[in-house]
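**Student:** Right, I'll just put the structure down here and ask away after.
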Amino acid sequence: MKTQRGNFFEDFQTGQLLKHPTPRTVTDGDAALYIALTGDRRPMHCAATFAAAHGFRRETVHDLLTFHIVFGKSVGQISLNAVANLGYADVRFIRPVFAGDTLRAESKVLGKKEVSSGKAGVVWVSTRGLNQRDEEVLRYIRWVMVEKRDPATPTGAADVVETPGAVAASELAVPLGFGGMDPPPPGGGWVIPHASDTALATGGQYFWDDYTIGERIDHVDGMTIDETDHTSATRLYQNSAKVHFNAHQMASSRFGKRLMYGGHVISVAWALAFNGLENVLGILAWNGGSHVAPTFAGDTLYAVSEIVDKQPLAGRDDVGALRIKLTATKNGPTDKVLELDLWVMTRRA
Amino acid sequence: MKTQRGNFFEDFQTGQLLKHPTPRTVTDGDAALYIALTGDRRPMHCAATFAAAHGFRRETVHDLLTFHIVFGKSVGQISLNAVANLGYADVRFIRPVFAGDTLRAESKVLGKKEVSSGKAGVVWVSTRGLNQRDEEVLRYIRWVMVEKRDPATPTGAADVVETPGAVAASELAVPLGFGGMDPPPPGGGWVIPHASDTALATGGQYFWDDYTIGERIDHVDGMTIDETDHTSATRLYQNSAKVHFNAHQMASSRFGKRLMYGGHVISVAWALAFNGLENVLGILAWNGGSHVAPTFAGDTLYAVSEIVDKQPLAGRDDVGALRIKLTATKNGPTDKVLELDLWVMTRRA
Amino acid sequence: MKTQRGNFFEDFQTGQLLKHPTPRTVTDGDAALYIALTGDRRPMHCAATFAAAHGFRRETVHDLLTFHIVFGKSVGQISLNAVANLGYADVRFIRPVFAGDTLRAESKVLGKKEVSSGKAGVVWVSTRGLNQRDEEVLRYIRWVMVEKRDPATPTGAADVVETPGAVAASELAVPLGFGGMDPPPPGGGWVIPHASDTALATGGQYFWDDYTIGERIDHVDGMTIDETDHTSATRLYQNSAKVHFNAHQMASSRFGKRLMYGGHVISVAWALAFNGLENVLGILAWNGGSHVAPTFAGDTLYAVSEIVDKQPLAGRDDVGALRIKLTATKNGPTDKVLELDLWVMTRRA
């Protein structure tokens with residue numbers, strides 16, 4: 001049998017390194033599609049002038065587009081036989097990606113533990129996204145519940161992995177290039193535009209200094225997702241998970257229809273969160289995240305952010321870090337589908 | 001409350017200048033999506049060889065793609081609380097846009113008038129699209145009916161704006177670059193290809209000289225628009241109008257469902273109009289336009305053009321201007337959804 | 001009447017050359033859309049690093065994207081009034097296409113034969129795709145049944161064309177540039193990566209040597225196609241066939257709804273066939289192909305390949321040719337919609 005059917009719980013070994021096919025060059029076409037599929041408006045990713053004013057050579061690829069491409073590559077070897085995508089931790093956005101860069105991905109198995117019923121098991125992996133210079137652009141821990149090939153035979157696997165609860169504020173770093181650090185501007189000191197100029201371009205009136213811990217921002221707008229929206233996004237990321245694409249097969253699943261890729265929910269929620277968080281200039285890290293309930297075509301997504309922490313960034317008076325709990329709901333304010341805990345870099349006044 | 005909810009009638013002041021976020025670099029990705037979403041076939045916008053033969057350094061960004069991006073940016077401050085998009089006038093396509101250019105938009109409030117019921121008011125704005133060199137690429141007048149924040153309190157606003165009925169033929173200018181004017185070709189005089197070569201590439205048999213005033217062209221073909229078609233287009237333009245995206249909210253509107261962005265109707269009608277107007281090489285101006293009735297996913301659009309005027313263009317024997325009344329209907333020839341009165345530049349024999 | 005309604009059977013003359021409008025520059029945007037619409041993962045078309053390692057200056061445009069663009073251009077003059085698309089033969093993929101290349105198409109009428117009822121006739125054409133240097137990139141024979149303008153008047157046309165049953169293995173050529181042949185690498189001999197490195201990037205464990213004649217590969221995965229999926233793809237190719245776009249008109253056809261462009265079925269089937277044929281590095285030729293039954297939005301496609309021949313490629317020990325019969329079915333394994341007989345270039349161990 002020459003086709004790949006994905007790894008089962010028994011196939012994973014703690015310490016194993018899996019190199020994921022296939023490499024992918026990110027282009028302006030991907031960036032345009034990302035906007036068309038999510039409605040994202042953050043100028044760092046769609047305006048060369050804005051990105052250049054803030055130290056980059058051109059628009060940076062959207063942090064979440066990079067995430068989805070790296071994640072998509074990992075599916076074939078990690079989660080093709082996943083029963084559930086349990087969570088994310090310690091997600092670090094390390095280096096900017098530009099159109100023309102080629103991404104590849106690899107995962108290391110951190111641990112595995114059979115569930116008490118013996119029918120499946122949890123696998124923890126650390127996945128890295130690398131560019132064509134083998135520089136790490138993204139790193140995250142993910143754990144999934146994976147089917148067993150042979151549910152009747154116990155494996156005894158019990159390597160539970162303790163995942164960090166949050167990325168410490170002291171570990172957060174401004175992305176390379178932001179503020180003109182890489183390469184250094186000729187003649188030295190670079191200054192990003194005055195806060196009022198940043199704000200003129202983003203349209204946001206509020207800066208890091210204006211957000212208070214405990215504050216809740218209802219992002220107001222809603223976005224309905226149709227079938228081609230989520231399937232096109234998921235195909236763009238070359239994610240091969242069957243549950244998103246095969247309506248014929250999913251008709252006999254407990255859902256009765258295709259499931260939306262959870263990453264699309266994250267992207268849409270984050271695009272909605274622009275309204276009220278306009279001066280967020282990039283995502284630094286996710287502390288954790290989980291897909292609380294499934295989402296389907298026809299659902300309308302809403303987003304709410306709660307500011308759960310705020311910290312300065314070492315050596316910077318132009319940006320600071322906000323820790324946000326981003327919640328997405330569907331078809332109204334109560335039906336929760338996503339919780340994401342993230343650190344973002346925000347313009348100071 | 002940190003989220004933006006759009007301006008209400010009382011918020012506008014005659015003479016006010018609104019700079020719209022966020023800037024947007026147009027790319028090859030946007031151009032490809034424009035084709036995928038509309039089926040447009042005009043070679044000036046999709047064939048480097050054709051554009052170069054006609055004096056441009058490469059394909060020009062579609063006039064309507066530029067329009068939609070500029071328009072999309074204006075929505076957040078102008079029409080988020082619009083009850084109706086009443087009309088366009090004096091729409092000028094001034095400079096070509098190329099992939100890599102960054103567009104921004106700003107609007108000046110020309111006037112405002114409360115309606116007699118006192119519940120809303122009409123606001124007239126002049127919107128400009130500018131490139132990264134602050135050159136004007138597009139300019140238009142638009143007027144919208146906007147909700148009042150406080151319908152009970154009269155504002156007395158009565159600054160009615162008289163909009164021009166049509167752009168005078170004498171004011172029409174061939175776009176910079178067309179025919180090799182900008183920059184001038186080495187050695188001087190540039191000639192665009194012989195009319196028969198232009199026609200070979202466009203597939204059109206008819207030139208400016210062949211069209212007669214009063215002539216009616218039924219563009220024959222129909223195009224059905226599905227939800228993802230119009231929502232993707234509207235997201236691509238980063239247009240934030242709620243009525244196009246939120247099925248959950250629109251279910252309780254008088255329409256019961258999402259409204260299609262009127263600009264998508266314009267683009268599809270114009271794409272259909274290629275059949276019969278193949279040697280139109282660009283849009284010079286819109287004299288006026290209105291969305292006569294709403295369009296919804298599932299509707300099939302048809303287009304008819306009537307030649308209402310024809311004029312030479314000063315100093316040119318290779319192109320002339322046709323004034324066209326473009327009408328779009330849905331689901332057959334009688335149910336009108338769009339009327340657009342435009343001047344287009346057409347190849348002479 | 002200035003609109004084009006396509007050629008009828010009587011309009012074709014054996015020996016006639018039809019130059020198809022409009023030229024089209026292929027871009028990174030088209031390549032990204034191709035991935036979003038089909039889920040294709042072949043790294044030769046989406047990874048600059050992989051393509052460069054195998055001798056190309058960057059990612060090559062997907063063979064099928066080139067095919068669809070060339071085919072799309074031919075529709076207006078060849079098959080706008082087609083009753084049925086009967087078959088393909090002698091389809092040769094000759095030169096790689098890169099983003100930035102401008103494609104145009106032309107067809108020569110090889111023959112025509114009226115059917116016995118006299119109501120329609122079969123037209124055979126040889127269509128060529130050419131780049132901006134007038135180099136042939138693609139060539140194929142296609143035959144279609146076309147309506148007669150005047151079914152009552154016999155034409156006597158009886159120029160039947162014998163199409164080749166298969167491209168002889170001896171005529172298959174590795175694409176220019178593969179393995180660094182064009183231009184020759186400085187200092188001479190180029191070697192493509194070791195087979196294990198190719199395989200690491202593709203994720204495939206099997207090489208040319210591992211496939212046996214008669215072997216059948218069930219590609220396992222299924223892909224459901226929705227309306228916007230196939231209409232966006234078909235618009236992207238600027239294919240103007242009415243049957244794919246006009247639901248209003250198709251409601252009264254015998255199908256009752258829009259037909260999916262058969263080429264989209266080919267692309268999806270080929271994308272599904274990546275799983276099990278990962279080390280196929282390009283399509284060399286189609287021997288023949290036919291759309292056995294129509295496909296509609298909502299259908300889920302599956303694919304199966306049968307290895308029907310294998311041959312070495314002259315002078316190469318790094319790649320060999322496999323002849324594959326690719327079958328696509330819908331909504332399960334029995335309802336066949338496509339049969340395609342193709343030669344592909346596959347990595348040797």
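Identifiers in this document derive from the order of the structure tokens: chains are assigned A, B, ..., residues are numbered from 1 separately in each chain, and ligands are numbered from 1 in order of occurrence.
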Neighbouring residues of Val146 of chain B were defined as those with any atom within 9 Å, considering only C-alpha atoms; residues of the same chain fewer than 6 positions away were excluded. Please report them as a PDB file with C-alpha atoms, in the first residue's frame.

**Tutor:**
ATOM      1  CA  ASN B   7     -19.614  58.020  12.130  1.00  0.00           C
ATOM      2  CA  PHE B   8     -23.213  59.080  12.438  1.00  0.00           C
ATOM      3  CA  PHE B   9     -24.774  61.995  10.599  1.00  0.00           C
ATOM      4  CA  ILE B  78     -18.049  57.264   5.839  1.00  0.00           C
ATOM      5  CA  SER B  79     -20.634  54.566   5.414  1.00  0.00           C
ATOM      6  CA  LEU B  80     -20.498  52.103   8.279  1.00  0.00           C
ATOM      7  CA  ASN B  81     -23.825  53.482   9.435  1.00  0.00           C
ATOM      8  CA  ALA B  82     -25.172  54.173   5.974  1.00  0.00           C
ATOM      9  CA  VAL B  83     -28.803  53.404   5.305  1.00  0.00           C
ATOM     10  CA  ALA B  84     -28.245  53.647   1.569  1.00  0.00           C
ATOM     11  CA  ASN B  85     -25.475  54.303  -0.899  1.00  0.00           C
ATOM     12  CA  ALA B 120     -31.123  60.418   8.930  1.00  0.00           C
ATOM     13  CA  GLY B 121     -29.230  62.657   6.590  1.00  0.00           C
ATOM     14  CA  VAL B 122     -27.384  62.718   3.317  1.00  0.00           C
ATOM     15  CA  VAL B 123     -23.614  63.253   3.388  1.00  0.00           C
TER      16      VAL B 123
END

**Student:** Quick check: residues of chain C within 8 Å of chain A, only C-alpha atoms, returned as a PyMOL selection string.

**Tutor:** chain C and resi 28-33+35-43+46-50+200-203+205-206+217-224+226-229+275-277+299-300+331-332

**Student:** Per DSSP on the backbone, filter segment 2-206 of chain B down to the residues in strand (DSSP E) and report them as a ChimeraX atom specification.

**Tutor:** /B:17-25,82-93,102-114,120-130,136-147

**Student:** Which polymer residues have any atom within 8 Å of an atom of Thr155 of chain A, counting only C-alpha atoms, with same-chain residues fewer than 2 positions away left out, as an mmCIF file with N, CA, C and O atoms, in the first residue's frame?

**Tutor:**
data_model
loop_
_atom_site.group_PDB
_atom_site.id
_atom_site.type_symbol
_atom_site.label_atom_id
_atom_site.label_comp_id
_atom_site.auth_asym_id
_atom_site.auth_seq_id
_atom_site.Cartn_x
_atom_site.Cartn_y
_atom_site.Cartn_z
ATOM 1 N N GLU A 10 0.771 4.184 18.298
ATOM 2 C CA GLU A 10 1.903 3.267 18.477
ATOM 3 C C GLU A 10 3.126 3.681 17.656
ATOM 4 O O GLU A 10 4.247 3.250 17.930
ATOM 5 N N GLU A 114 -0.928 6.879 26.950
ATOM 6 C CA GLU A 114 -2.162 6.201 26.566
ATOM 7 C C GLU A 114 -3.293 6.649 27.494
ATOM 8 O O GLU A 114 -3.072 6.868 28.694
ATOM 9 N N THR A 153 -4.477 -3.714 22.427
ATOM 10 C CA THR A 153 -3.193 -4.012 23.058
ATOM 11 C C THR A 153 -2.631 -2.791 23.787
ATOM 12 O O THR A 153 -2.323 -1.785 23.154
ATOM 13 N N ALA A 157 2.463 3.386 27.433
ATOM 14 C CA ALA A 157 3.074 4.711 27.285
ATOM 15 C C ALA A 157 2.510 5.681 28.317
ATOM 16 O O ALA A 157 1.299 5.816 28.461
#
